[in-house]
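Just input.cif here, mmCIF, C-alpha atoms:
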```
data_final
loop_
_atom_site.label_atom_id
_atom_site.label_comp_id
_atom_site.auth_asym_id
_atom_site.auth_seq_id
_atom_site.Cartn_x
_atom_site.Cartn_y
_atom_site.Cartn_z
CA MET F 759 0.00 0.00 0.00
CA SER F 760 1.42 3.35 -0.94
CA GLU F 761 1.34 6.56 1.02
CA VAL F 762 1.35 10.17 -0.15
CA ILE F 763 3.23 12.49 2.23
CA VAL F 764 3.44 16.27 1.95
CA ILE F 765 6.41 18.09 3.49
CA THR F 766 5.32 21.59 4.43
CA SER F 767 6.16 24.45 6.81
CA GLY F 768 4.48 27.75 6.00
CA LYS F 769 7.66 29.74 6.42
CA GLY F 770 10.32 29.57 3.74
CA GLY F 771 13.91 28.58 4.39
CA VAL F 772 13.33 26.17 7.28
CA GLY F 773 14.45 23.11 5.30
CA LYS F 774 11.46 21.64 3.46
CA THR F 775 13.40 20.80 0.32
CA THR F 776 16.41 19.43 2.20
CA THR F 777 14.07 17.35 4.33
CA SER F 778 12.19 16.06 1.27
CA ALA F 779 15.43 15.11 -0.49
CA ASN F 780 16.82 13.34 2.56
CA ILE F 781 13.66 11.48 3.54
CA GLY F 782 13.27 10.39 -0.08
CA THR F 783 16.86 9.19 -0.22
CA GLY F 784 16.61 7.51 3.19
CA LEU F 785 13.43 5.63 2.28
CA ALA F 786 15.02 4.52 -1.01
CA MET F 787 18.08 3.36 0.90
CA LEU F 788 15.76 1.25 3.06
CA GLY F 789 14.44 -0.40 -0.10
CA MET F 790 11.24 1.56 -0.69
CA ARG F 791 10.14 2.69 -4.15
CA VAL F 792 9.99 6.47 -3.79
CA ALA F 793 8.75 9.30 -6.01
CA LEU F 794 9.78 12.81 -5.01
CA ILE F 795 7.58 15.55 -6.45
CA ASP F 796 8.65 19.18 -6.47
CA THR F 797 5.40 21.16 -6.29
CA ASP F 798 7.06 24.58 -6.10
CA ILE F 799 6.13 25.69 -9.61
CA GLY F 800 8.22 28.67 -10.71
CA LEU F 801 10.87 28.21 -8.01
CA ARG F 802 12.11 24.66 -8.43
CA ASN F 803 14.94 23.54 -6.19
CA LEU F 804 14.55 19.89 -5.32
CA ASP F 805 16.35 18.99 -8.57
CA VAL F 806 19.53 20.84 -7.49
CA VAL F 807 19.46 19.46 -3.97
CA MET F 808 19.20 15.97 -5.50
CA GLY F 809 21.91 16.79 -8.06
CA LEU F 810 19.60 15.93 -10.97
CA GLU F 811 19.24 19.40 -12.52
CA ASN F 812 21.04 18.47 -15.75
CA ARG F 813 18.71 15.64 -16.58
CA ILE F 814 15.37 17.46 -16.70
CA VAL F 815 13.48 17.11 -19.97
CA TYR F 816 9.83 17.28 -18.94
CA ASN F 817 8.24 18.54 -15.72
CA LEU F 818 5.14 18.35 -13.53
CA VAL F 819 3.18 20.86 -15.62
CA ASP F 820 4.00 18.89 -18.82
CA VAL F 821 2.54 15.77 -17.20
CA VAL F 822 -0.58 17.58 -16.00
CA GLU F 823 -1.14 19.21 -19.39
CA GLY F 824 -0.59 15.94 -21.22
CA ASN F 825 2.53 17.07 -23.12
CA CYS F 826 4.31 13.89 -22.05
CA ARG F 827 3.71 10.64 -20.21
CA MET F 828 4.54 10.36 -16.52
CA LYS F 829 7.38 7.91 -17.26
CA GLN F 830 9.06 10.45 -19.56
CA ALA F 831 9.08 13.14 -16.88
CA LEU F 832 10.32 11.02 -13.97
CA ILE F 833 14.09 11.21 -13.48
CA ARG F 834 15.84 8.26 -11.94
CA ASP F 835 18.25 9.06 -9.10
CA LYS F 836 22.01 8.73 -9.58
CA ARG F 837 22.50 6.28 -6.73
CA TYR F 838 19.19 4.55 -6.06
CA PRO F 839 17.35 2.91 -8.96
CA ASN F 840 14.14 2.86 -6.87
CA LEU F 841 14.16 6.65 -6.32
CA TYR F 842 12.63 9.05 -8.86
CA LEU F 843 12.14 12.79 -9.09
CA LEU F 844 9.31 14.60 -10.82
CA PRO F 845 10.74 18.12 -11.23
CA SER F 846 8.67 21.27 -11.14
CA ALA F 847 8.33 23.77 -14.00
CA GLN F 848 10.55 26.82 -13.74
CA THR F 849 8.85 29.10 -16.26
CA ARG F 850 5.24 28.75 -15.09
CA ASP F 851 3.43 29.75 -11.90
CA LYS F 852 1.27 28.08 -9.26
CA SER F 853 -1.95 28.66 -11.21
CA ALA F 854 -0.74 26.23 -13.91
CA VAL F 855 -2.05 23.34 -11.79
CA ASN F 856 -5.15 22.87 -9.62
CA PRO F 857 -5.82 20.58 -6.63
CA GLU F 858 -7.91 18.10 -8.66
CA GLN F 859 -5.04 17.63 -11.11
CA MET F 860 -2.65 17.04 -8.21
CA ILE F 861 -4.96 14.40 -6.75
CA LYS F 862 -5.02 12.62 -10.11
CA LEU F 863 -1.24 12.90 -10.44
CA THR F 864 -0.59 11.29 -7.05
CA GLU F 865 -3.21 8.60 -7.71
CA ASP F 866 -1.44 7.71 -10.96
CA LEU F 867 1.86 7.23 -9.12
CA LYS F 868 0.42 4.97 -6.42
CA ASP F 869 0.67 1.84 -8.57
CA ASP F 870 4.42 2.15 -9.04
CA PHE F 871 5.61 3.63 -5.75
CA ASP F 872 5.47 2.87 -2.01
CA TYR F 873 6.01 6.49 -1.02
CA ILE F 874 5.10 9.65 -2.91
CA LEU F 875 6.70 12.67 -1.25
CA LEU F 876 5.49 16.16 -2.11
CA ASP F 877 7.83 19.07 -1.48
CA CYS F 878 5.45 21.94 -0.74
CA PRO F 879 6.21 25.59 -1.56
CA ALA F 880 6.32 28.19 1.24
CA GLY F 881 3.14 30.14 1.92
CA ILE F 882 -0.52 29.25 2.29
CA GLU F 883 -1.76 30.12 -1.19
CA GLN F 884 -2.53 28.00 -4.22
CA GLY F 885 0.83 26.20 -4.24
CA PHE F 886 0.13 24.97 -0.71
CA ARG F 887 -3.43 23.96 -1.57
CA ASN F 888 -2.17 22.03 -4.61
CA ALA F 889 0.50 20.23 -2.62
CA ILE F 890 -1.74 19.07 0.22
CA ALA F 891 -4.67 18.05 -1.99
CA GLY F 892 -3.60 14.48 -2.65
CA ALA F 893 -1.71 13.85 0.60
CA ASP F 894 -2.58 11.23 3.24
CA ARG F 895 -0.11 12.52 5.74
CA ALA F 896 1.72 15.80 6.44
CA LEU F 897 5.15 16.42 7.89
CA VAL F 898 5.45 19.96 9.22
CA VAL F 899 9.03 21.21 9.28
CA THR F 900 9.96 23.99 11.68
CA THR F 901 13.04 25.40 13.38
CA PRO F 902 13.14 26.39 17.07
CA GLU F 903 12.49 30.04 16.20
CA VAL F 904 9.48 32.23 16.98
CA SER F 905 8.68 33.09 13.34
CA ALA F 906 8.94 29.50 12.04
CA ILE F 907 6.85 28.10 14.91
CA ARG F 908 4.17 30.73 14.44
CA ASP F 909 3.87 29.80 10.76
CA ALA F 910 3.93 26.09 11.59
CA ASP F 911 1.01 26.63 13.97
CA ARG F 912 -0.96 28.34 11.21
CA ILE F 913 -0.17 25.53 8.77
CA ILE F 914 -1.22 22.90 11.32
CA GLY F 915 -4.54 24.74 11.74
CA LEU F 916 -5.08 24.73 7.96
CA LEU F 917 -4.15 21.04 7.65
CA GLU F 918 -6.57 20.14 10.44
CA ALA F 919 -9.31 22.15 8.75
CA LYS F 920 -8.65 20.13 5.57
CA ASP F 921 -8.93 16.86 7.56
CA MET F 922 -5.34 15.79 6.92
CA GLY F 923 -5.07 12.20 8.11
CA GLN F 924 -1.89 12.41 10.13
CA ILE F 925 0.19 15.46 11.01
CA GLN F 926 3.69 15.09 12.45
CA LEU F 927 6.43 17.51 13.34
CA ILE F 928 10.09 17.70 12.35
CA VAL F 929 12.19 20.19 14.30
CA ASN F 930 15.12 21.21 12.14
CA ARG F 931 18.40 22.99 12.93
CA VAL F 932 18.45 22.24 16.65
CA ARG F 933 21.59 23.48 18.37
CA THR F 934 22.12 21.44 21.50
CA ASP F 935 24.72 23.88 22.83
CA MET F 936 22.27 26.79 22.61
CA VAL F 937 19.42 24.75 24.12
CA ARG F 938 21.77 23.81 26.94
CA ARG F 939 22.52 27.43 27.83
CA GLY F 940 18.86 28.41 27.50
CA ASP F 941 19.17 30.50 24.36
CA MET F 942 17.13 28.19 22.11
CA MET F 943 13.80 26.54 22.66
CA SER F 944 14.15 22.82 23.17
CA VAL F 945 12.42 20.20 21.03
CA ASP F 946 10.10 19.60 24.00
CA ASP F 947 9.19 23.30 24.13
CA VAL F 948 8.33 23.28 20.42
CA MET F 949 6.23 20.12 20.78
CA ASP F 950 4.45 21.58 23.78
CA ILE F 951 3.57 24.78 21.91
CA LEU F 952 2.44 23.12 18.67
CA ALA F 953 0.75 20.08 20.26
CA VAL F 954 1.55 17.79 17.31
CA PRO F 955 3.38 14.45 17.60
CA LEU F 956 7.09 14.60 16.85
CA LEU F 957 8.58 12.52 14.04
CA GLY F 958 12.14 13.64 14.59
CA ALA F 959 14.64 16.38 15.30
CA ILE F 960 17.56 17.29 13.06
CA PRO F 961 20.67 18.89 14.52
CA ASP F 962 22.07 22.01 12.91
CA ASP F 963 24.85 20.52 10.86
CA GLU F 964 27.25 22.11 8.40
CA SER F 965 27.43 18.89 6.41
CA ILE F 966 23.99 19.86 5.07
CA VAL F 967 25.55 22.82 3.27
CA VAL F 968 28.29 20.57 1.86
CA SER F 969 25.70 18.02 0.76
CA THR F 970 23.60 20.69 -0.99
CA ASN F 971 26.75 22.07 -2.66
CA GLN F 972 27.48 18.63 -4.05
CA GLY F 973 23.90 17.72 -4.88
CA GLU F 974 24.06 14.54 -2.83
CA PRO F 975 21.58 14.10 0.04
CA LEU F 976 23.30 12.83 3.16
CA ALA F 977 20.60 10.61 4.72
CA GLY F 978 22.27 7.53 6.14
CA THR F 979 25.81 8.94 5.99
CA ASP F 980 28.00 9.17 9.05
CA THR F 981 26.98 12.73 9.92
CA PRO F 982 24.69 13.93 12.75
CA SER F 983 21.96 15.05 10.36
CA GLY F 984 22.43 12.03 8.09
CA GLN F 985 21.68 9.71 11.01
CA ALA F 986 18.75 11.86 12.20
CA TYR F 987 17.18 11.67 8.73
CA LEU F 988 17.63 7.92 8.57
CA ASP F 989 15.97 7.62 12.00
CA ILE F 990 13.01 9.61 10.66
CA CYS F 991 12.71 7.25 7.68
CA LYS F 992 12.76 4.21 9.95
CA ARG F 993 10.03 5.76 12.10
CA LEU F 994 7.98 6.33 8.95
CA LEU F 995 8.31 2.60 8.25
CA GLY F 996 6.98 1.86 11.73
CA GLU F 997 10.20 1.15 13.62
CA GLU F 998 10.42 2.51 17.13
CA ILE F 999 13.58 4.58 17.28
CA PRO F 1000 14.10 6.67 20.41
CA LEU F 1001 14.57 10.39 19.84
CA SER F 1002 18.18 11.44 19.95
CA LEU F 1003 20.38 13.96 18.31
CA PRO F 1004 22.82 11.65 16.54
CA GLY F 1005 26.51 12.24 16.85
CA THR F 1006 26.09 12.95 20.52
CA GLY F 1007 25.59 9.34 21.56
CA ARG F 1008 22.90 10.20 24.07
CA GLY F 1009 19.24 11.11 23.85
CA LEU F 1010 18.40 14.78 23.73
CA LEU F 1011 16.28 14.63 26.86
CA SER F 1012 18.82 12.75 28.93
CA ARG F 1013 21.52 15.17 27.82
CA ILE F 1014 19.48 18.14 28.96
CA THR F 1015 18.42 16.63 32.28
CA GLY F 1016 21.95 15.37 32.83
CA LEU F 1017 23.32 18.85 32.37
CA LEU F 1018 20.72 20.35 34.66
CA LYS F 1019 21.71 17.89 37.37
CA ARG F 1020 25.35 18.77 36.93
CA ALA F 1021 24.69 22.50 37.11
CA MET W 1056 27.41 37.90 30.49
CA ASN W 1057 26.09 38.13 26.98
CA PRO W 1058 24.38 41.39 25.93
CA VAL W 1059 20.97 39.81 25.29
CA ARG W 1060 20.81 38.42 28.79
CA ARG W 1061 22.02 41.68 30.28
CA VAL W 1062 19.15 43.54 28.64
CA PHE W 1063 16.37 41.06 29.34
CA GLY W 1064 17.63 39.43 32.51
CA ARG W 1065 16.13 36.16 31.29
CA ARG W 1066 17.28 33.43 28.96
CA SER W 1067 16.20 34.15 25.41
CA GLY W 1068 14.76 30.65 24.88
CA GLU W 1069 12.34 31.28 27.71
CA ILE W 1070 11.46 34.70 26.33
CA ALA W 1071 10.75 33.11 22.93
CA ARG W 1072 8.53 30.47 24.51
CA LYS W 1073 6.46 33.02 26.44
CA ARG W 1074 6.13 35.35 23.45
CA LEU W 1075 5.01 32.49 21.24
CA LYS W 1076 2.35 31.29 23.66
CA LEU W 1077 0.73 34.73 23.72
CA LEU W 1078 1.22 35.24 20.02
CA LEU W 1079 -0.46 31.99 19.00
CA VAL W 1080 -3.52 32.60 21.13
CA ALA W 1081 -3.71 36.15 19.78
CA ASP W 1082 -3.42 34.78 16.21
CA LYS W 1083 -6.20 32.26 16.77
CA THR W 1084 -8.57 34.69 18.40
CA ASN W 1085 -7.75 37.54 16.03
CA CYS W 1086 -7.01 39.74 18.95
CA SER W 1087 -4.17 42.24 18.92
CA PRO W 1088 -2.01 43.45 21.81
CA GLU W 1089 -3.70 46.88 21.44
CA PHE W 1090 -7.04 45.22 22.08
CA LEU W 1091 -5.64 43.76 25.29
CA GLU W 1092 -4.33 47.18 26.23
CA MET W 1093 -7.85 48.61 25.85
CA ILE W 1094 -9.34 45.89 28.03
CA LYS W 1095 -6.61 46.51 30.58
CA ASP W 1096 -7.39 50.24 30.76
CA ASP W 1097 -11.10 49.60 31.25
CA ILE W 1098 -10.57 46.95 33.93
CA LEU W 1099 -8.17 49.30 35.67
CA GLN W 1100 -10.76 52.07 35.72
CA VAL W 1101 -13.53 49.87 37.09
CA VAL W 1102 -11.50 48.08 39.74
CA SER W 1103 -9.73 51.20 40.96
CA LYS W 1104 -13.14 52.67 41.80
CA TYR W 1105 -13.38 50.10 44.60
CA VAL W 1106 -9.89 49.17 45.74
CA ASP W 1107 -6.48 50.75 45.72
CA ILE W 1108 -4.48 48.96 43.02
CA ASP W 1109 -0.99 49.16 41.66
CA ALA W 1110 -1.64 50.45 38.12
CA GLY W 1111 1.93 49.86 36.98
CA GLU W 1112 1.86 46.17 37.79
CA ILE W 1113 -1.45 45.12 36.25
CA GLU W 1114 -1.14 42.27 33.79
CA VAL W 1115 -3.70 41.27 31.18
CA GLY W 1116 -3.28 38.47 28.73
CA LEU W 1117 -4.77 35.50 26.94
CA THR W 1118 -4.17 31.91 27.82
CA LYS W 1119 -5.70 28.53 27.06
CA ALA W 1120 -8.10 27.00 29.55
CA PHE W 1121 -10.31 23.94 29.86
CA PHE W 1122 -13.79 24.58 31.17
CA CYS W 1123 -16.32 22.19 32.70
CA GLY W 1124 -14.32 19.09 31.86
CA SER W 1125 -14.33 19.84 28.13
CA LEU W 1126 -11.53 18.22 26.17
CA GLU W 1127 -10.93 21.20 23.91
CA SER W 1128 -9.16 24.25 25.22
CA VAL W 1129 -10.72 27.65 24.74
CA PRO W 1130 -9.03 31.04 24.92
CA ALA W 1131 -9.38 32.63 28.35
CA LEU W 1132 -8.68 36.15 29.48
CA TYR W 1133 -6.60 36.45 32.62
CA THR W 1134 -5.74 39.48 34.67
CA ASN W 1135 -3.39 39.85 37.54
CA ILE W 1136 -4.08 42.98 39.59
CA PRO W 1137 -1.93 43.62 42.64
CA ILE W 1138 -4.04 45.31 45.33
CA ARG W 1139 -2.27 47.88 47.47
CA CYS W 1140 -4.88 48.15 50.14
CA LEU W 1141 -7.91 45.93 50.48
CA SER W 1142 -10.42 48.46 51.74
CA TYR W 1143 -13.30 50.09 49.96
CA LYS W 1144 -12.56 53.60 48.89
CA GLY W 1145 -15.39 55.09 50.93
CA ILE W 1146 -18.04 54.19 48.41
CA ILE W 1147 -20.29 52.33 50.81
#
```

Could you show the structure in this file as structure tokens?
Amino acid sequence: MSEVIVITSGKGGVGKTTTSANIGTGLAMLGMRVALIDTDIGLRNLDVVMGLENRIVYNLVDVVEGNCRMKQALIRDKRYPNLYLLPSAQTRDKSAVNPEQMIKLTEDLKDDFDYILLDCPAGIEQGFRNAIAGADRALVVTTPEVSAIRDADRIIGLLEAKDMGQIQLIVNRVRTDMVRRGDMMSVDDVMDILAVPLLGAIPDDESIVVSTNQGEPLAGTDTPSGQAYLDICKRLLGEEIPLSLPGTGRGLLSRITGLLKRA
Amino acid sequence: MNPVRRVFGRRSGEIARKRLKLLLVADKTNCSPEFLEMIKDDILQVVSKYVDIDAGEIEVGLTKAFFCGSLESVPALYTNIPIRCLSYKGII
């Protein structure tokens, strides 16, 4: 049975595209057949993060408008033969597609893929409505900052109003050192404010920048964020993986309480 | 001591958490801080007719509350009014 998951956030720049690329790669690494769809029409980016920008011939709008078949537009990943990208159109805008067309598009992919991941554009306008239309489940990405959390709260409200089946939270760019000295909200604080179940936390990690530079997602690699993304993928597949910020060797909560005891 | 902490006297993570809690309730109820300021002024006027209160310390805000065993939280208005002297101001 396949599942359609939208990765959204409201605010731009919190890591939706990076998260989409890494969850897609991680799930493919774990043997799943994955289709990544960039729904950000006019501002496509998932192709560069995946390192597949030179292989685009057709795009999402071409498929919707019937200019090509789905199979012609899907680009196979460099490393995983079971991972495909449907790139967005760069020279069109959000109004080129409507929610009904997106529902049809995701339905068409269900036969061939276990997971269909939709990278949602920032904002709450048509691009957002298109992206969530066909989704069974939503992953809301936020960072531990006031502006990102406020937008995440708004997005969660909109997803609930649309009867989104399951809504889960990913807290990105957590800096344990700042949380420790009280200058960043903890993952627990963010969960408490947003009241949505947590799927995972990603540490702020400079390897992400390196990985984006190279166009090679780092899920599963020996980096703190690479391990955190792989943990998220395993949780999506139903494994029970305790929350930890990888690279530190200990769970986030025990680290914080341990430090409080020491202080 | 870092400059942020010197100015606010509190850890910035805690400040962020408190600001967000107020902000989200205000967003959901469509109610601005100015609106709260107006309520505060009116409450101040009414209450100060009866008791001597510390006008500088009055606090008005929105929070979430559960009423009558309901499972869903509703926005609730709270005020914290320090009373200087608990005696009627000669009205009775």

Name the residues in contact with stretch 796-807 of chain F at a cut-off of 7 Å, using only C-alpha atoms, excluding same-chain residues fewer than 2 positions from it; report them as a PyMOL selection string.
-> chain F and resi 775-776+779+794+809-811+844-852+876-879+885+889+970+973-974

Kindly save the residues from that selection, with C-alpha atoms included, as a PDB file, in the coordinates of the input.
```pdb
ATOM      1  CA  THR F 775      13.400  20.800   0.320  1.00  0.00           C
ATOM      2  CA  THR F 776      16.410  19.430   2.200  1.00  0.00           C
ATOM      3  CA  ALA F 779      15.430  15.110  -0.490  1.00  0.00           C
ATOM      4  CA  LEU F 794       9.780  12.810  -5.010  1.00  0.00           C
ATOM      5  CA  GLY F 809      21.910  16.790  -8.060  1.00  0.00           C
ATOM      6  CA  LEU F 810      19.600  15.930 -10.970  1.00  0.00           C
ATOM      7  CA  GLU F 811      19.240  19.400 -12.520  1.00  0.00           C
ATOM      8  CA  LEU F 844       9.310  14.600 -10.820  1.00  0.00           C
ATOM      9  CA  PRO F 845      10.740  18.120 -11.230  1.00  0.00           C
ATOM     10  CA  SER F 846       8.670  21.270 -11.140  1.00  0.00           C
ATOM     11  CA  ALA F 847       8.330  23.770 -14.000  1.00  0.00           C
ATOM     12  CA  GLN F 848      10.550  26.820 -13.740  1.00  0.00           C
ATOM     13  CA  THR F 849       8.850  29.100 -16.260  1.00  0.00           C
ATOM     14  CA  ARG F 850       5.240  28.750 -15.090  1.00  0.00           C
ATOM     15  CA  ASP F 851       3.430  29.750 -11.900  1.00  0.00           C
ATOM     16  CA  LYS F 852       1.270  28.080  -9.260  1.00  0.00           C
ATOM     17  CA  LEU F 876       5.490  16.160  -2.110  1.00  0.00           C
ATOM     18  CA  ASP F 877       7.830  19.070  -1.480  1.00  0.00           C
ATOM     19  CA  CYS F 878       5.450  21.940  -0.740  1.00  0.00           C
ATOM     20  CA  PRO F 879       6.210  25.590  -1.560  1.00  0.00           C
ATOM     21  CA  GLY F 885       0.830  26.200  -4.240  1.00  0.00           C
ATOM     22  CA  ALA F 889       0.500  20.230  -2.620  1.00  0.00           C
ATOM     23  CA  THR F 970      23.600  20.690  -0.990  1.00  0.00           C
ATOM     24  CA  GLY F 973      23.900  17.720  -4.880  1.00  0.00           C
ATOM     25  CA  GLU F 974      24.060  14.540  -2.830  1.00  0.00           C
TER      26      GLU F 974
END
```

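A straight line drawn from atom CA of F:Asp869 to atom CA of F:Asn780 is 22.7 Å long.
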
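When all atoms listed in the file are used to compute distances to chain W, the closest of the residues F:Met922, F:Leu916, F:Leu1001, F:Leu841 turns out to be F:Leu916.
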
Test item: residues at most 6 Å from W:Asp1107, only C-alpha atoms, excluding those fewer than 3 positions along its chain, as a list of chain:residue names =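 Listing them by chain and then by number gives W:Ser1103, W:Ile1138, W:Arg1139, W:Cys1140.
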
Could you tell me which residues the PyMOL selection byres ((chain W) within 10 of (chain F)) grabs in this file, written as a ChimeraX atom specification?
-> /W:1059-1060,1065-1076,1078-1079,1082-1083

Some atoms are missing, so please complete stretch 842-861 of chain F with N, CA, C and O atoms and return it as a JSON list (two decimals), in the coordinates of the input.
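Written file, selection-v9.json:
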```json
[["chain", "number", "residue", "atom", "x", "y", "z"],
["F", 842, "TYR", "N", 12.88, 8.21, -7.68],
["F", 842, "TYR", "CA", 12.63, 9.05, -8.86],
["F", 842, "TYR", "C", 12.23, 10.45, -8.46],
["F", 842, "TYR", "O", 11.65, 10.65, -7.39],
["F", 843, "LEU", "N", 12.54, 11.41, -9.33],
["F", 843, "LEU", "CA", 12.14, 12.79, -9.09],
["F", 843, "LEU", "C", 11.24, 13.28, -10.22],
["F", 843, "LEU", "O", 11.55, 13.09, -11.39],
["F", 844, "LEU", "N", 10.12, 13.90, -9.83],
["F", 844, "LEU", "CA", 9.31, 14.60, -10.82],
["F", 844, "LEU", "C", 9.58, 16.09, -10.59],
["F", 844, "LEU", "O", 9.12, 16.67, -9.60],
["F", 845, "PRO", "N", 10.38, 16.73, -11.46],
["F", 845, "PRO", "CA", 10.74, 18.12, -11.23],
["F", 845, "PRO", "C", 9.58, 19.07, -11.48],
["F", 845, "PRO", "O", 8.62, 18.72, -12.18],
["F", 846, "SER", "N", 9.69, 20.25, -10.93],
["F", 846, "SER", "CA", 8.67, 21.27, -11.14],
["F", 846, "SER", "C", 9.01, 22.07, -12.40],
["F", 846, "SER", "O", 10.10, 21.94, -12.94],
["F", 847, "ALA", "N", 8.06, 22.90, -12.86],
["F", 847, "ALA", "CA", 8.33, 23.77, -14.00],
["F", 847, "ALA", "C", 8.93, 25.07, -13.49],
["F", 847, "ALA", "O", 8.52, 25.57, -12.45],
["F", 848, "GLN", "N", 9.89, 25.60, -14.20],
["F", 848, "GLN", "CA", 10.55, 26.82, -13.74],
["F", 848, "GLN", "C", 9.92, 28.07, -14.37],
["F", 848, "GLN", "O", 9.97, 29.14, -13.78],
["F", 849, "THR", "N", 9.33, 27.92, -15.54],
["F", 849, "THR", "CA", 8.85, 29.10, -16.26],
["F", 849, "THR", "C", 7.34, 29.29, -16.18],
["F", 849, "THR", "O", 6.76, 30.06, -16.93],
["F", 850, "ARG", "N", 6.69, 28.58, -15.26],
["F", 850, "ARG", "CA", 5.24, 28.75, -15.09],
["F", 850, "ARG", "C", 4.99, 29.22, -13.67],
["F", 850, "ARG", "O", 5.91, 29.40, -12.89],
["F", 851, "ASP", "N", 3.71, 29.41, -13.30],
["F", 851, "ASP", "CA", 3.43, 29.75, -11.90],
["F", 851, "ASP", "C", 2.41, 28.79, -11.31],
["F", 851, "ASP", "O", 1.93, 27.88, -11.98],
["F", 852, "LYS", "N", 2.10, 29.02, -10.03],
["F", 852, "LYS", "CA", 1.27, 28.08, -9.26],
["F", 852, "LYS", "C", -0.10, 27.83, -9.90],
["F", 852, "LYS", "O", -0.70, 26.77, -9.69],
["F", 853, "SER", "N", -0.61, 28.81, -10.64],
["F", 853, "SER", "CA", -1.95, 28.66, -11.21],
["F", 853, "SER", "C", -1.98, 27.68, -12.39],
["F", 853, "SER", "O", -3.04, 27.39, -12.94],
["F", 854, "ALA", "N", -0.79, 27.18, -12.79],
["F", 854, "ALA", "CA", -0.74, 26.23, -13.91],
["F", 854, "ALA", "C", -1.36, 24.88, -13.55],
["F", 854, "ALA", "O", -1.66, 24.07, -14.43],
["F", 855, "VAL", "N", -1.53, 24.63, -12.26],
["F", 855, "VAL", "CA", -2.05, 23.34, -11.79],
["F", 855, "VAL", "C", -3.13, 23.60, -10.75],
["F", 855, "VAL", "O", -3.07, 24.59, -10.02],
["F", 856, "ASN", "N", -4.14, 22.72, -10.68],
["F", 856, "ASN", "CA", -5.15, 22.87, -9.62],
["F", 856, "ASN", "C", -5.19, 21.61, -8.74],
["F", 856, "ASN", "O", -4.61, 20.58, -9.10],
["F", 857, "PRO", "N", -5.83, 21.71, -7.56],
["F", 857, "PRO", "CA", -5.82, 20.58, -6.63],
["F", 857, "PRO", "C", -6.34, 19.27, -7.22],
["F", 857, "PRO", "O", -5.79, 18.19, -6.94],
["F", 858, "GLU", "N", -7.36, 19.33, -8.06],
["F", 858, "GLU", "CA", -7.91, 18.10, -8.66],
["F", 858, "GLU", "C", -6.85, 17.41, -9.52],
["F", 858, "GLU", "O", -6.72, 16.18, -9.50],
["F", 859, "GLN", "N", -6.10, 18.20, -10.27],
["F", 859, "GLN", "CA", -5.04, 17.63, -11.11],
["F", 859, "GLN", "C", -3.94, 16.98, -10.26],
["F", 859, "GLN", "O", -3.39, 15.95, -10.62],
["F", 860, "MET", "N", -3.66, 17.61, -9.11],
["F", 860, "MET", "CA", -2.65, 17.04, -8.21],
["F", 860, "MET", "C", -3.13, 15.72, -7.62],
["F", 860, "MET", "O", -2.35, 14.78, -7.45],
["F", 861, "ILE", "N", -4.41, 15.65, -7.28],
["F", 861, "ILE", "CA", -4.96, 14.40, -6.75],
["F", 861, "ILE", "C", -4.81, 13.29, -7.79],
["F", 861, "ILE", "O", -4.36, 12.18, -7.49]]
```
